Amino acid sequence: MGSAAGEEAYFQRGSLTWFAVIILSFGYYTWVVFWPQSIPYQSLGPLGPFTQYLVDHHHTLLYSGYWIAWLIHVGESLYAMVLCKSKGITNVQAQLLWFLQTFLFGIASLSILIAYRPKGRKQT
């Protein structure tokens, strides 16, 4: 077996900067998709007219893209579970944390898990 106790429960929180960017971006995207009439386009600088154009001419694409982005996050979360097992992370709490963090923050979390190299374990 050869894995240390700490490696079975390995978890690393992602960068707060990335998390803030993702939360703000996804929050804005959610606002644009579901409540476009409440957006103060004129107060958003160059982002305002661009967003208004997308809402006026491509709302169906925005709506579809929104749900596709969430589906991608689900896929990344499931892949995180596969990676946990292949890297010897067997602690259920650590696996749940990886799943949730990857579901919410996508590649910003998954890239940390991909880069993780457990000691004393061969990677295939």
# chains A, B, ... in the order shown; residues from 1 in each chain; ligands from 1
call {"tool": "residues_around", "arguments": {"residues": "Ser77 (chain A)", "least_positions_apart": "5", "cutoff": "7 Å", "atoms": "only C-alpha atoms", "output": "compact mmCIF listing (two decimals) with all heavy atoms, in the first residue's frame"}}
result
# COMPACT_ATOMS: atom_id res chain seq x y z
N PHE A 99 -15.04 16.88 -4.59
CA PHE A 99 -16.23 16.89 -5.44
C PHE A 99 -16.91 18.26 -5.40
O PHE A 99 -17.21 18.85 -6.44
CB PHE A 99 -17.20 15.79 -5.02
CG PHE A 99 -18.43 15.73 -5.88
CD1 PHE A 99 -18.42 15.00 -7.06
CD2 PHE A 99 -19.58 16.43 -5.53
CE1 PHE A 99 -19.56 14.96 -7.87
CE2 PHE A 99 -20.71 16.39 -6.34
CZ PHE A 99 -20.69 15.66 -7.51
N THR A 102 -14.72 21.15 -6.83
CA THR A 102 -14.64 21.07 -8.29
C THR A 102 -15.98 21.39 -8.94
O THR A 102 -16.03 22.04 -9.98
CB THR A 102 -14.14 19.68 -8.72
OG1 THR A 102 -12.89 19.42 -8.06
CG2 THR A 102 -13.94 19.60 -10.23
N PHE A 103 -17.08 20.97 -8.32
CA PHE A 103 -18.40 21.31 -8.85
C PHE A 103 -18.60 22.82 -8.89
O PHE A 103 -19.08 23.37 -9.87
CB PHE A 103 -19.50 20.65 -8.01
CG PHE A 103 -20.88 21.01 -8.48
CD1 PHE A 103 -21.39 20.50 -9.65
CD2 PHE A 103 -21.67 21.87 -7.73
CE1 PHE A 103 -22.66 20.83 -10.10
CE2 PHE A 103 -22.94 22.21 -8.16
CZ PHE A 103 -23.44 21.69 -9.35
call {"tool": "select_by_dssp", "arguments": {"residues": "chain A", "states": "helix (DSSP H, G or I)", "output": "ChimeraX atom specification"}}
result
/A:5-8,16-34,36-38,41-43,47-86,92-105,107-115
call {"tool": "residues_around", "arguments": {"residues": "Tyr29 (chain A)", "least_positions_apart": "2", "cutoff": "12 Å", "atoms": "only C-alpha atoms", "output": "PDB file with all heavy atoms, in the first residue's frame"}}
result
ATOM      1  N   ILE A  22     -14.370  33.496 -10.303  1.00  0.00           N
ATOM      2  CA  ILE A  22     -15.379  32.541 -10.764  1.00  0.00           C
ATOM      3  C   ILE A  22     -16.751  32.872 -10.177  1.00  0.00           C
ATOM      4  O   ILE A  22     -17.756  32.857 -10.891  1.00  0.00           O
ATOM      5  CB  ILE A  22     -14.944  31.101 -10.435  1.00  0.00           C
ATOM      6  CG1 ILE A  22     -13.727  30.732 -11.296  1.00  0.00           C
ATOM      7  CG2 ILE A  22     -16.085  30.117 -10.649  1.00  0.00           C
ATOM      8  CD1 ILE A  22     -12.996  29.494 -10.845  1.00  0.00           C
ATOM      9  N   ILE A  23     -16.804  33.199  -8.899  1.00  0.00           N
ATOM     10  CA  ILE A  23     -18.083  33.546  -8.269  1.00  0.00           C
ATOM     11  C   ILE A  23     -18.685  34.784  -8.926  1.00  0.00           C
ATOM     12  O   ILE A  23     -19.883  34.817  -9.254  1.00  0.00           O
ATOM     13  CB  ILE A  23     -17.910  33.751  -6.750  1.00  0.00           C
ATOM     14  CG1 ILE A  23     -17.680  32.402  -6.068  1.00  0.00           C
ATOM     15  CG2 ILE A  23     -19.123  34.453  -6.145  1.00  0.00           C
ATOM     16  CD1 ILE A  23     -17.247  32.508  -4.621  1.00  0.00           C
ATOM     17  N   LEU A  24     -17.878  35.809  -9.131  1.00  0.00           N
ATOM     18  CA  LEU A  24     -18.382  37.034  -9.767  1.00  0.00           C
ATOM     19  C   LEU A  24     -18.816  36.772 -11.208  1.00  0.00           C
ATOM     20  O   LEU A  24     -19.871  37.249 -11.639  1.00  0.00           O
ATOM     21  CB  LEU A  24     -17.320  38.133  -9.708  1.00  0.00           C
ATOM     22  CG  LEU A  24     -17.062  38.714  -8.328  1.00  0.00           C
ATOM     23  CD1 LEU A  24     -15.859  39.665  -8.358  1.00  0.00           C
ATOM     24  CD2 LEU A  24     -18.289  39.420  -7.786  1.00  0.00           C
ATOM     25  N   SER A  25     -18.020  36.023 -11.952  1.00  0.00           N
ATOM     26  CA  SER A  25     -18.351  35.742 -13.351  1.00  0.00           C
ATOM     27  C   SER A  25     -19.617  34.905 -13.474  1.00  0.00           C
ATOM     28  O   SER A  25     -20.508  35.228 -14.267  1.00  0.00           O
ATOM     29  CB  SER A  25     -17.198  34.995 -14.033  1.00  0.00           C
ATOM     30  OG  SER A  25     -16.042  35.779 -14.015  1.00  0.00           O
ATOM     31  N   PHE A  26     -19.699  33.839 -12.704  1.00  0.00           N
ATOM     32  CA  PHE A  26     -20.882  32.987 -12.779  1.00  0.00           C
ATOM     33  C   PHE A  26     -22.108  33.716 -12.220  1.00  0.00           C
ATOM     34  O   PHE A  26     -23.228  33.530 -12.703  1.00  0.00           O
ATOM     35  CB  PHE A  26     -20.660  31.672 -12.030  1.00  0.00           C
ATOM     36  CG  PHE A  26     -20.845  30.465 -12.904  1.00  0.00           C
ATOM     37  CD1 PHE A  26     -19.801  29.579 -13.102  1.00  0.00           C
ATOM     38  CD2 PHE A  26     -22.055  30.206 -13.518  1.00  0.00           C
ATOM     39  CE1 PHE A  26     -19.963  28.458 -13.901  1.00  0.00           C
ATOM     40  CE2 PHE A  26     -22.233  29.084 -14.323  1.00  0.00           C
ATOM     41  CZ  PHE A  26     -21.182  28.209 -14.512  1.00  0.00           C
ATOM     42  N   GLY A  27     -21.892  34.533 -11.220  1.00  0.00           N
ATOM     43  CA  GLY A  27     -22.999  35.330 -10.690  1.00  0.00           C
ATOM     44  C   GLY A  27     -23.543  36.285 -11.737  1.00  0.00           C
ATOM     45  O   GLY A  27     -24.762  36.414 -11.912  1.00  0.00           O
ATOM     46  N   TRP A  31     -27.216  36.254 -13.615  1.00  0.00           N
ATOM     47  CA  TRP A  31     -28.023  37.471 -13.669  1.00  0.00           C
ATOM     48  C   TRP A  31     -28.445  37.761 -15.110  1.00  0.00           C
ATOM     49  O   TRP A  31     -29.599  38.059 -15.398  1.00  0.00           O
ATOM     50  CB  TRP A  31     -27.215  38.616 -13.089  1.00  0.00           C
ATOM     51  CG  TRP A  31     -27.931  39.901 -12.823  1.00  0.00           C
ATOM     52  CD1 TRP A  31     -29.274  40.102 -12.720  1.00  0.00           C
ATOM     53  CD2 TRP A  31     -27.313  41.157 -12.613  1.00  0.00           C
ATOM     54  NE1 TRP A  31     -29.524  41.422 -12.461  1.00  0.00           N
ATOM     55  CE2 TRP A  31     -28.355  42.094 -12.385  1.00  0.00           C
ATOM     56  CE3 TRP A  31     -25.994  41.595 -12.584  1.00  0.00           C
ATOM     57  CZ2 TRP A  31     -28.096  43.434 -12.139  1.00  0.00           C
ATOM     58  CZ3 TRP A  31     -25.747  42.929 -12.334  1.00  0.00           C
ATOM     59  CH2 TRP A  31     -26.782  43.838 -12.121  1.00  0.00           C
ATOM     60  N   VAL A  32     -27.498  37.660 -16.026  1.00  0.00           N
ATOM     61  CA  VAL A  32     -27.765  37.935 -17.449  1.00  0.00           C
ATOM     62  C   VAL A  32     -28.775  36.937 -18.014  1.00  0.00           C
ATOM     63  O   VAL A  32     -29.682  37.314 -18.758  1.00  0.00           O
ATOM     64  CB  VAL A  32     -26.452  37.901 -18.260  1.00  0.00           C
ATOM     65  CG1 VAL A  32     -26.720  37.851 -19.749  1.00  0.00           C
ATOM     66  CG2 VAL A  32     -25.584  39.101 -17.912  1.00  0.00           C
ATOM     67  N   VAL A  33     -28.649  35.678 -17.670  1.00  0.00           N
ATOM     68  CA  VAL A  33     -29.517  34.648 -18.230  1.00  0.00           C
ATOM     69  C   VAL A  33     -30.934  34.716 -17.656  1.00  0.00           C
ATOM     70  O   VAL A  33     -31.909  34.619 -18.399  1.00  0.00           O
ATOM     71  CB  VAL A  33     -28.909  33.240 -18.004  1.00  0.00           C
ATOM     72  CG1 VAL A  33     -29.905  32.142 -18.328  1.00  0.00           C
ATOM     73  CG2 VAL A  33     -27.655  33.076 -18.854  1.00  0.00           C
ATOM     74  N   PHE A  34     -31.058  34.922 -16.354  1.00  0.00           N
ATOM     75  CA  PHE A  34     -32.369  34.806 -15.720  1.00  0.00           C
ATOM     76  C   PHE A  34     -33.076  36.137 -15.424  1.00  0.00           C
ATOM     77  O   PHE A  34     -34.301  36.159 -15.318  1.00  0.00           O
ATOM     78  CB  PHE A  34     -32.263  33.976 -14.438  1.00  0.00           C
ATOM     79  CG  PHE A  34     -31.898  32.555 -14.718  1.00  0.00           C
ATOM     80  CD1 PHE A  34     -30.624  32.079 -14.437  1.00  0.00           C
ATOM     81  CD2 PHE A  34     -32.808  31.690 -15.302  1.00  0.00           C
ATOM     82  CE1 PHE A  34     -30.281  30.766 -14.706  1.00  0.00           C
ATOM     83  CE2 PHE A  34     -32.479  30.373 -15.590  1.00  0.00           C
ATOM     84  CZ  PHE A  34     -31.214  29.912 -15.289  1.00  0.00           C
ATOM     85  N   TRP A  35     -32.332  37.222 -15.275  1.00  0.00           N
ATOM     86  CA  TRP A  35     -32.943  38.516 -14.962  1.00  0.00           C
ATOM     87  C   TRP A  35     -32.352  39.640 -15.807  1.00  0.00           C
ATOM     88  O   TRP A  35     -31.908  40.666 -15.283  1.00  0.00           O
ATOM     89  CB  TRP A  35     -32.778  38.834 -13.476  1.00  0.00           C
ATOM     90  CG  TRP A  35     -33.348  37.783 -12.600  1.00  0.00           C
ATOM     91  CD1 TRP A  35     -34.656  37.573 -12.313  1.00  0.00           C
ATOM     92  CD2 TRP A  35     -32.621  36.752 -11.910  1.00  0.00           C
ATOM     93  NE1 TRP A  35     -34.798  36.486 -11.486  1.00  0.00           N
ATOM     94  CE2 TRP A  35     -33.563  35.957 -11.223  1.00  0.00           C
ATOM     95  CE3 TRP A  35     -31.271  36.427 -11.805  1.00  0.00           C
ATOM     96  CZ2 TRP A  35     -33.209  34.866 -10.452  1.00  0.00           C
ATOM     97  CZ3 TRP A  35     -30.911  35.340 -11.038  1.00  0.00           C
ATOM     98  CH2 TRP A  35     -31.884  34.565 -10.364  1.00  0.00           C
ATOM     99  N   PRO A  36     -32.337  39.487 -17.119  1.00  0.00           N
ATOM    100  CA  PRO A  36     -31.688  40.497 -17.973  1.00  0.00           C
ATOM    101  C   PRO A  36     -32.364  41.867 -17.921  1.00  0.00           C
ATOM    102  O   PRO A  36     -31.702  42.886 -18.154  1.00  0.00           O
ATOM    103  CB  PRO A  36     -31.787  39.893 -19.372  1.00  0.00           C
ATOM    104  CG  PRO A  36     -32.934  38.946 -19.308  1.00  0.00           C
ATOM    105  CD  PRO A  36     -32.944  38.419 -17.902  1.00  0.00           C
ATOM    106  N   ILE A  39     -30.723  44.436 -15.297  1.00  0.00           N
ATOM    107  CA  ILE A  39     -29.310  44.817 -15.397  1.00  0.00           C
ATOM    108  C   ILE A  39     -29.193  46.287 -15.811  1.00  0.00           C
ATOM    109  O   ILE A  39     -29.789  46.695 -16.808  1.00  0.00           O
ATOM    110  CB  ILE A  39     -28.565  43.922 -16.409  1.00  0.00           C
ATOM    111  CG1 ILE A  39     -28.606  42.478 -15.947  1.00  0.00           C
ATOM    112  CG2 ILE A  39     -27.119  44.391 -16.598  1.00  0.00           C
ATOM    113  CD1 ILE A  39     -28.074  41.487 -16.958  1.00  0.00           C
ATOM    114  N   THR A  51     -23.070  43.107 -23.214  1.00  0.00           N
ATOM    115  CA  THR A  51     -24.027  42.216 -22.563  1.00  0.00           C
ATOM    116  C   THR A  51     -25.423  42.414 -23.149  1.00  0.00           C
ATOM    117  O   THR A  51     -26.130  41.433 -23.414  1.00  0.00           O
ATOM    118  CB  THR A  51     -24.049  42.459 -21.043  1.00  0.00           C
ATOM    119  OG1 THR A  51     -22.737  42.241 -20.513  1.00  0.00           O
ATOM    120  CG2 THR A  51     -25.027  41.530 -20.347  1.00  0.00           C
ATOM    121  N   LEU A  54     -25.704  40.695 -26.456  1.00  0.00           N
ATOM    122  CA  LEU A  54     -25.848  39.242 -26.292  1.00  0.00           C
ATOM    123  C   LEU A  54     -27.250  38.866 -25.830  1.00  0.00           C
ATOM    124  O   LEU A  54     -27.836  37.905 -26.332  1.00  0.00           O
ATOM    125  CB  LEU A  54     -24.805  38.709 -25.310  1.00  0.00           C
ATOM    126  CG  LEU A  54     -23.354  38.726 -25.780  1.00  0.00           C
ATOM    127  CD1 LEU A  54     -22.432  38.301 -24.643  1.00  0.00           C
ATOM    128  CD2 LEU A  54     -23.159  37.854 -26.997  1.00  0.00           C
ATOM    129  N   VAL A  55     -27.792  39.613 -24.884  1.00  0.00           N
ATOM    130  CA  VAL A  55     -29.138  39.333 -24.387  1.00  0.00           C
ATOM    131  C   VAL A  55     -30.167  39.535 -25.497  1.00  0.00           C
ATOM    132  O   VAL A  55     -31.066  38.713 -25.683  1.00  0.00           O
ATOM    133  CB  VAL A  55     -29.462  40.226 -23.166  1.00  0.00           C
ATOM    134  CG1 VAL A  55     -30.953  40.196 -22.843  1.00  0.00           C
ATOM    135  CG2 VAL A  55     -28.643  39.783 -21.964  1.00  0.00           C
ATOM    136  N   HIS A  59     -29.918  35.327 -26.681  1.00  0.00           N
ATOM    137  CA  HIS A  59     -30.328  34.869 -25.345  1.00  0.00           C
ATOM    138  C   HIS A  59     -30.437  33.352 -25.258  1.00  0.00           C
ATOM    139  O   HIS A  59     -30.075  32.739 -24.258  1.00  0.00           O
ATOM    140  CB  HIS A  59     -31.638  35.525 -24.903  1.00  0.00           C
ATOM    141  CG  HIS A  59     -31.891  35.312 -23.451  1.00  0.00           C
ATOM    142  ND1 HIS A  59     -32.678  34.286 -22.988  1.00  0.00           N
ATOM    143  CD2 HIS A  59     -31.429  35.967 -22.360  1.00  0.00           C
ATOM    144  CE1 HIS A  59     -32.699  34.310 -21.672  1.00  0.00           C
ATOM    145  NE2 HIS A  59     -31.957  35.333 -21.257  1.00  0.00           N
ATOM    146  N   LEU A  62     -27.022  32.038 -24.771  1.00  0.00           N
ATOM    147  CA  LEU A  62     -26.589  32.287 -23.388  1.00  0.00           C
ATOM    148  C   LEU A  62     -27.223  31.281 -22.431  1.00  0.00           C
ATOM    149  O   LEU A  62     -26.540  30.720 -21.565  1.00  0.00           O
ATOM    150  CB  LEU A  62     -26.969  33.707 -22.954  1.00  0.00           C
ATOM    151  CG  LEU A  62     -26.195  34.858 -23.550  1.00  0.00           C
ATOM    152  CD1 LEU A  62     -26.838  36.186 -23.172  1.00  0.00           C
ATOM    153  CD2 LEU A  62     -24.750  34.830 -23.090  1.00  0.00           C
ATOM    154  N   TYR A  63     -28.511  31.055 -22.602  1.00  0.00           N
ATOM    155  CA  TYR A  63     -29.238  30.122 -21.739  1.00  0.00           C
ATOM    156  C   TYR A  63     -28.673  28.706 -21.881  1.00  0.00           C
ATOM    157  O   TYR A  63     -28.403  28.029 -20.889  1.00  0.00           O
ATOM    158  CB  TYR A  63     -30.726  30.152 -22.090  1.00  0.00           C
ATOM    159  CG  TYR A  63     -31.585  29.298 -21.205  1.00  0.00           C
ATOM    160  CD1 TYR A  63     -32.002  29.754 -19.964  1.00  0.00           C
ATOM    161  CD2 TYR A  63     -31.992  28.027 -21.617  1.00  0.00           C
ATOM    162  CE1 TYR A  63     -32.796  28.968 -19.143  1.00  0.00           C
ATOM    163  CE2 TYR A  63     -32.788  27.232 -20.803  1.00  0.00           C
ATOM    164  CZ  TYR A  63     -33.181  27.708 -19.568  1.00  0.00           C
ATOM    165  OH  TYR A  63     -33.959  26.933 -18.753  1.00  0.00           O
ATOM    166  N   SER A  64     -28.484  28.267 -23.106  1.00  0.00           N
ATOM    167  CA  SER A  64     -27.926  26.928 -23.341  1.00  0.00           C
ATOM    168  C   SER A  64     -26.511  26.827 -22.800  1.00  0.00           C
ATOM    169  O   SER A  64     -26.147  25.822 -22.165  1.00  0.00           O
ATOM    170  CB  SER A  64     -27.925  26.610 -24.837  1.00  0.00           C
ATOM    171  OG  SER A  64     -29.223  26.637 -25.352  1.00  0.00           O
ATOM    172  N   GLY A  65     -25.715  27.837 -23.042  1.00  0.00           N
ATOM    173  CA  GLY A  65     -24.335  27.846 -22.548  1.00  0.00           C
ATOM    174  C   GLY A  65     -24.255  27.790 -21.039  1.00  0.00           C
ATOM    175  O   GLY A  65     -23.347  27.168 -20.468  1.00  0.00           O
ATOM    176  N   TYR A  66     -25.205  28.436 -20.389  1.00  0.00           N
ATOM    177  CA  TYR A  66     -25.245  28.427 -18.927  1.00  0.00           C
ATOM    178  C   TYR A  66     -25.385  26.992 -18.404  1.00  0.00           C
ATOM    179  O   TYR A  66     -24.626  26.559 -17.536  1.00  0.00           O
ATOM    180  CB  TYR A  66     -26.415  29.287 -18.447  1.00  0.00           C
ATOM    181  CG  TYR A  66     -26.564  29.347 -16.958  1.00  0.00           C
ATOM    182  CD1 TYR A  66     -25.815  30.238 -16.201  1.00  0.00           C
ATOM    183  CD2 TYR A  66     -27.450  28.506 -16.283  1.00  0.00           C
ATOM    184  CE1 TYR A  66     -25.947  30.308 -14.826  1.00  0.00           C
ATOM    185  CE2 TYR A  66     -27.585  28.558 -14.917  1.00  0.00           C
ATOM    186  CZ  TYR A  66     -26.837  29.460 -14.185  1.00  0.00           C
ATOM    187  OH  TYR A  66     -26.965  29.513 -12.822  1.00  0.00           O
ATOM    188  N   TRP A  67     -26.352  26.264 -18.958  1.00  0.00           N
ATOM    189  CA  TRP A  67     -26.577  24.899 -18.490  1.00  0.00           C
ATOM    190  C   TRP A  67     -25.469  23.956 -18.940  1.00  0.00           C
ATOM    191  O   TRP A  67     -25.121  23.007 -18.216  1.00  0.00           O
ATOM    192  CB  TRP A  67     -27.958  24.401 -18.915  1.00  0.00           C
ATOM    193  CG  TRP A  67     -29.020  25.161 -18.175  1.00  0.00           C
ATOM    194  CD1 TRP A  67     -29.903  26.063 -18.689  1.00  0.00           C
ATOM    195  CD2 TRP A  67     -29.250  25.145 -16.761  1.00  0.00           C
ATOM    196  NE1 TRP A  67     -30.676  26.596 -17.683  1.00  0.00           N
ATOM    197  CE2 TRP A  67     -30.304  26.043 -16.485  1.00  0.00           C
ATOM    198  CE3 TRP A  67     -28.683  24.447 -15.693  1.00  0.00           C
ATOM    199  CZ2 TRP A  67     -30.792  26.264 -15.196  1.00  0.00           C
ATOM    200  CZ3 TRP A  67     -29.167  24.673 -14.408  1.00  0.00           C
ATOM    201  CH2 TRP A  67     -30.210  25.574 -14.174  1.00  0.00           C
ATOM    202  N   ALA A  69     -22.351  24.841 -19.134  1.00  0.00           N
ATOM    203  CA  ALA A  69     -21.262  25.107 -18.185  1.00  0.00           C
ATOM    204  C   ALA A  69     -21.463  24.315 -16.896  1.00  0.00           C
ATOM    205  O   ALA A  69     -20.513  23.736 -16.352  1.00  0.00           O
ATOM    206  CB  ALA A  69     -21.170  26.605 -17.890  1.00  0.00           C
ATOM    207  N   TRP A  70     -22.696  24.261 -16.404  1.00  0.00           N
ATOM    208  CA  TRP A  70     -22.959  23.471 -15.201  1.00  0.00           C
ATOM    209  C   TRP A  70     -22.756  21.981 -15.455  1.00  0.00           C
ATOM    210  O   TRP A  70     -22.234  21.268 -14.586  1.00  0.00           O
ATOM    211  CB  TRP A  70     -24.361  23.742 -14.651  1.00  0.00           C
ATOM    212  CG  TRP A  70     -24.402  24.977 -13.807  1.00  0.00           C
ATOM    213  CD1 TRP A  70     -25.070  26.129 -14.068  1.00  0.00           C
ATOM    214  CD2 TRP A  70     -23.712  25.200 -12.557  1.00  0.00           C
ATOM    215  NE1 TRP A  70     -24.841  27.045 -13.068  1.00  0.00           N
ATOM    216  CE2 TRP A  70     -24.020  26.500 -12.126  1.00  0.00           C
ATOM    217  CE3 TRP A  70     -22.873  24.417 -11.772  1.00  0.00           C
ATOM    218  CZ2 TRP A  70     -23.515  27.043 -10.941  1.00  0.00           C
ATOM    219  CZ3 TRP A  70     -22.359  24.959 -10.588  1.00  0.00           C
ATOM    220  CH2 TRP A  70     -22.685  26.255 -10.185  1.00  0.00           C
TER     221      TRP A  70
END
call {"tool": "residues_around", "arguments": {"residues": "region 72-76 of chain A", "least_positions_apart": "6", "cutoff": "10 Å", "atoms": "only C-alpha atoms", "output": "list in words"}}
result
Val82, Phe99, Leu100, Gln101, Thr102, Phe103, Leu104, Phe105, Gly106, Ile107, Ser109 and Leu110 of chain A
call {"tool": "write_last_selection", "arguments": {"atoms": "all heavy atoms", "output": "mmCIF file, in the first residue's frame"}}
result
data_model
loop_
_atom_site.group_PDB
_atom_site.id
_atom_site.type_symbol
_atom_site.label_atom_id
_atom_site.label_comp_id
_atom_site.auth_asym_id
_atom_site.auth_seq_id
_atom_site.Cartn_x
_atom_site.Cartn_y
_atom_site.Cartn_z
ATOM 1 N N VAL A 82 -12.728 10.112 -9.757
ATOM 2 C CA VAL A 82 -11.862 9.101 -10.376
ATOM 3 C C VAL A 82 -10.401 9.387 -10.024
ATOM 4 O O VAL A 82 -9.645 8.467 -9.665
ATOM 5 C CB VAL A 82 -12.070 9.089 -11.911
ATOM 6 C CG1 VAL A 82 -11.031 8.213 -12.592
ATOM 7 C CG2 VAL A 82 -13.474 8.625 -12.256
ATOM 8 N N PHE A 99 -15.037 16.879 -4.587
ATOM 9 C CA PHE A 99 -16.227 16.888 -5.444
ATOM 10 C C PHE A 99 -16.913 18.260 -5.396
ATOM 11 O O PHE A 99 -17.208 18.848 -6.439
ATOM 12 C CB PHE A 99 -17.203 15.788 -5.020
ATOM 13 C CG PHE A 99 -18.426 15.732 -5.884
ATOM 14 C CD1 PHE A 99 -18.424 14.999 -7.059
ATOM 15 C CD2 PHE A 99 -19.580 16.432 -5.534
ATOM 16 C CE1 PHE A 99 -19.557 14.957 -7.871
ATOM 17 C CE2 PHE A 99 -20.711 16.394 -6.337
ATOM 18 C CZ PHE A 99 -20.690 15.657 -7.513
ATOM 19 N N LEU A 100 -17.176 18.756 -4.198
ATOM 20 C CA LEU A 100 -17.878 20.034 -4.055
ATOM 21 C C LEU A 100 -17.064 21.202 -4.595
ATOM 22 O O LEU A 100 -17.596 22.069 -5.303
ATOM 23 C CB LEU A 100 -18.240 20.273 -2.586
ATOM 24 C CG LEU A 100 -19.298 19.341 -2.011
ATOM 25 C CD1 LEU A 100 -19.470 19.570 -0.522
ATOM 26 C CD2 LEU A 100 -20.613 19.510 -2.751
ATOM 27 N N GLN A 101 -15.788 21.229 -4.252
ATOM 28 C CA GLN A 101 -14.941 22.332 -4.724
ATOM 29 C C GLN A 101 -14.851 22.331 -6.244
ATOM 30 O O GLN A 101 -14.929 23.380 -6.885
ATOM 31 C CB GLN A 101 -13.545 22.242 -4.096
ATOM 32 C CG GLN A 101 -12.619 23.357 -4.548
ATOM 33 C CD GLN A 101 -11.296 23.314 -3.832
ATOM 34 O OE1 GLN A 101 -11.148 23.976 -2.814
ATOM 35 N NE2 GLN A 101 -10.338 22.556 -4.345
ATOM 36 N N THR A 102 -14.723 21.154 -6.835
ATOM 37 C CA THR A 102 -14.638 21.069 -8.292
ATOM 38 C C THR A 102 -15.982 21.388 -8.936
ATOM 39 O O THR A 102 -16.033 22.042 -9.976
ATOM 40 C CB THR A 102 -14.135 19.683 -8.724
ATOM 41 O OG1 THR A 102 -12.886 19.422 -8.063
ATOM 42 C CG2 THR A 102 -13.936 19.603 -10.226
ATOM 43 N N PHE A 103 -17.081 20.973 -8.322
ATOM 44 C CA PHE A 103 -18.397 21.307 -8.852
ATOM 45 C C PHE A 103 -18.596 22.819 -8.885
ATOM 46 O O PHE A 103 -19.078 23.375 -9.872
ATOM 47 C CB PHE A 103 -19.496 20.654 -8.015
ATOM 48 C CG PHE A 103 -20.879 21.013 -8.478
ATOM 49 C CD1 PHE A 103 -21.387 20.499 -9.652
ATOM 50 C CD2 PHE A 103 -21.667 21.869 -7.735
ATOM 51 C CE1 PHE A 103 -22.662 20.834 -10.096
ATOM 52 C CE2 PHE A 103 -22.945 22.209 -8.160
ATOM 53 C CZ PHE A 103 -23.437 21.688 -9.346
ATOM 54 N N LEU A 104 -18.204 23.498 -7.828
ATOM 55 C CA LEU A 104 -18.418 24.941 -7.744
ATOM 56 C C LEU A 104 -17.403 25.755 -8.540
ATOM 57 O O LEU A 104 -17.755 26.797 -9.096
ATOM 58 C CB LEU A 104 -18.402 25.389 -6.285
ATOM 59 C CG LEU A 104 -19.546 24.854 -5.429
ATOM 60 C CD1 LEU A 104 -19.324 25.210 -3.968
ATOM 61 C CD2 LEU A 104 -20.879 25.369 -5.934
ATOM 62 N N PHE A 105 -16.161 25.287 -8.609
ATOM 63 C CA PHE A 105 -15.105 26.116 -9.183
ATOM 64 C C PHE A 105 -14.395 25.489 -10.376
ATOM 65 O O PHE A 105 -13.450 26.060 -10.914
ATOM 66 C CB PHE A 105 -14.099 26.493 -8.096
ATOM 67 C CG PHE A 105 -14.750 27.227 -6.956
ATOM 68 C CD1 PHE A 105 -14.899 26.621 -5.725
ATOM 69 C CD2 PHE A 105 -15.251 28.498 -7.127
ATOM 70 C CE1 PHE A 105 -15.519 27.285 -4.678
ATOM 71 C CE2 PHE A 105 -15.873 29.175 -6.092
ATOM 72 C CZ PHE A 105 -16.005 28.564 -4.865
ATOM 73 N N GLY A 106 -14.816 24.303 -10.793
ATOM 74 C CA GLY A 106 -14.336 23.711 -12.029
ATOM 75 C C GLY A 106 -12.838 23.487 -12.089
ATOM 76 O O GLY A 106 -12.218 22.964 -11.163
ATOM 77 N N ILE A 107 -12.269 23.900 -13.200
ATOM 78 C CA ILE A 107 -10.852 23.634 -13.486
ATOM 79 C C ILE A 107 -9.912 24.301 -12.480
ATOM 80 O O ILE A 107 -8.798 23.818 -12.266
ATOM 81 C CB ILE A 107 -10.505 24.018 -14.948
ATOM 82 C CG1 ILE A 107 -9.185 23.387 -15.382
ATOM 83 C CG2 ILE A 107 -10.478 25.520 -15.124
ATOM 84 C CD1 ILE A 107 -9.242 21.890 -15.525
ATOM 85 N N SER A 109 -10.161 24.149 -9.387
ATOM 86 C CA SER A 109 -9.963 23.120 -8.375
ATOM 87 C C SER A 109 -9.346 21.866 -8.975
ATOM 88 O O SER A 109 -8.395 21.299 -8.428
ATOM 89 C CB SER A 109 -11.307 22.768 -7.724
ATOM 90 O OG SER A 109 -11.173 21.635 -6.905
ATOM 91 N N LEU A 110 -9.897 21.436 -10.098
ATOM 92 C CA LEU A 110 -9.446 20.183 -10.711
ATOM 93 C C LEU A 110 -7.962 20.219 -11.057
ATOM 94 O O LEU A 110 -7.268 19.212 -10.924
ATOM 95 C CB LEU A 110 -10.277 19.884 -11.959
ATOM 96 C CG LEU A 110 -10.074 18.530 -12.612
ATOM 97 C CD1 LEU A 110 -10.405 17.398 -11.643
ATOM 98 C CD2 LEU A 110 -10.916 18.416 -13.867
#
call {"tool": "residues_around", "arguments": {"residues": "region 6-17 of chain A", "least_positions_apart": "4", "cutoff": "6 Å", "atoms": "only C-alpha atoms", "output": "list of chain:residue names"}}
result
A:Gly88, A:Ile89, A:Thr90, A:Asn91, A:Ala94, A:Ser109
call {"tool": "residues_around", "arguments": {"residues": "Tyr116 (chain A)", "least_positions_apart": "4", "cutoff": "9 Å", "atoms": "only C-alpha atoms", "output": "NGL selection string"}}
result
:A and (87 or 111-112)
call {"tool": "residues_around", "arguments": {"residues": "Phe50 (chain A)", "least_positions_apart": "6", "cutoff": "10 Å", "atoms": "only C-alpha atoms", "output": "PDB file with C-alpha atoms, in the first residue's frame"}}
result
ATOM      1  CA  TYR A  41     -26.464  48.181 -18.838  1.00  0.00           C
ATOM      2  CA  LEU A  44     -21.382  48.808 -16.739  1.00  0.00           C
ATOM      3  CA  ASP A  56     -31.006  40.937 -27.306  1.00  0.00           C
TER       4      ASP A  56
END
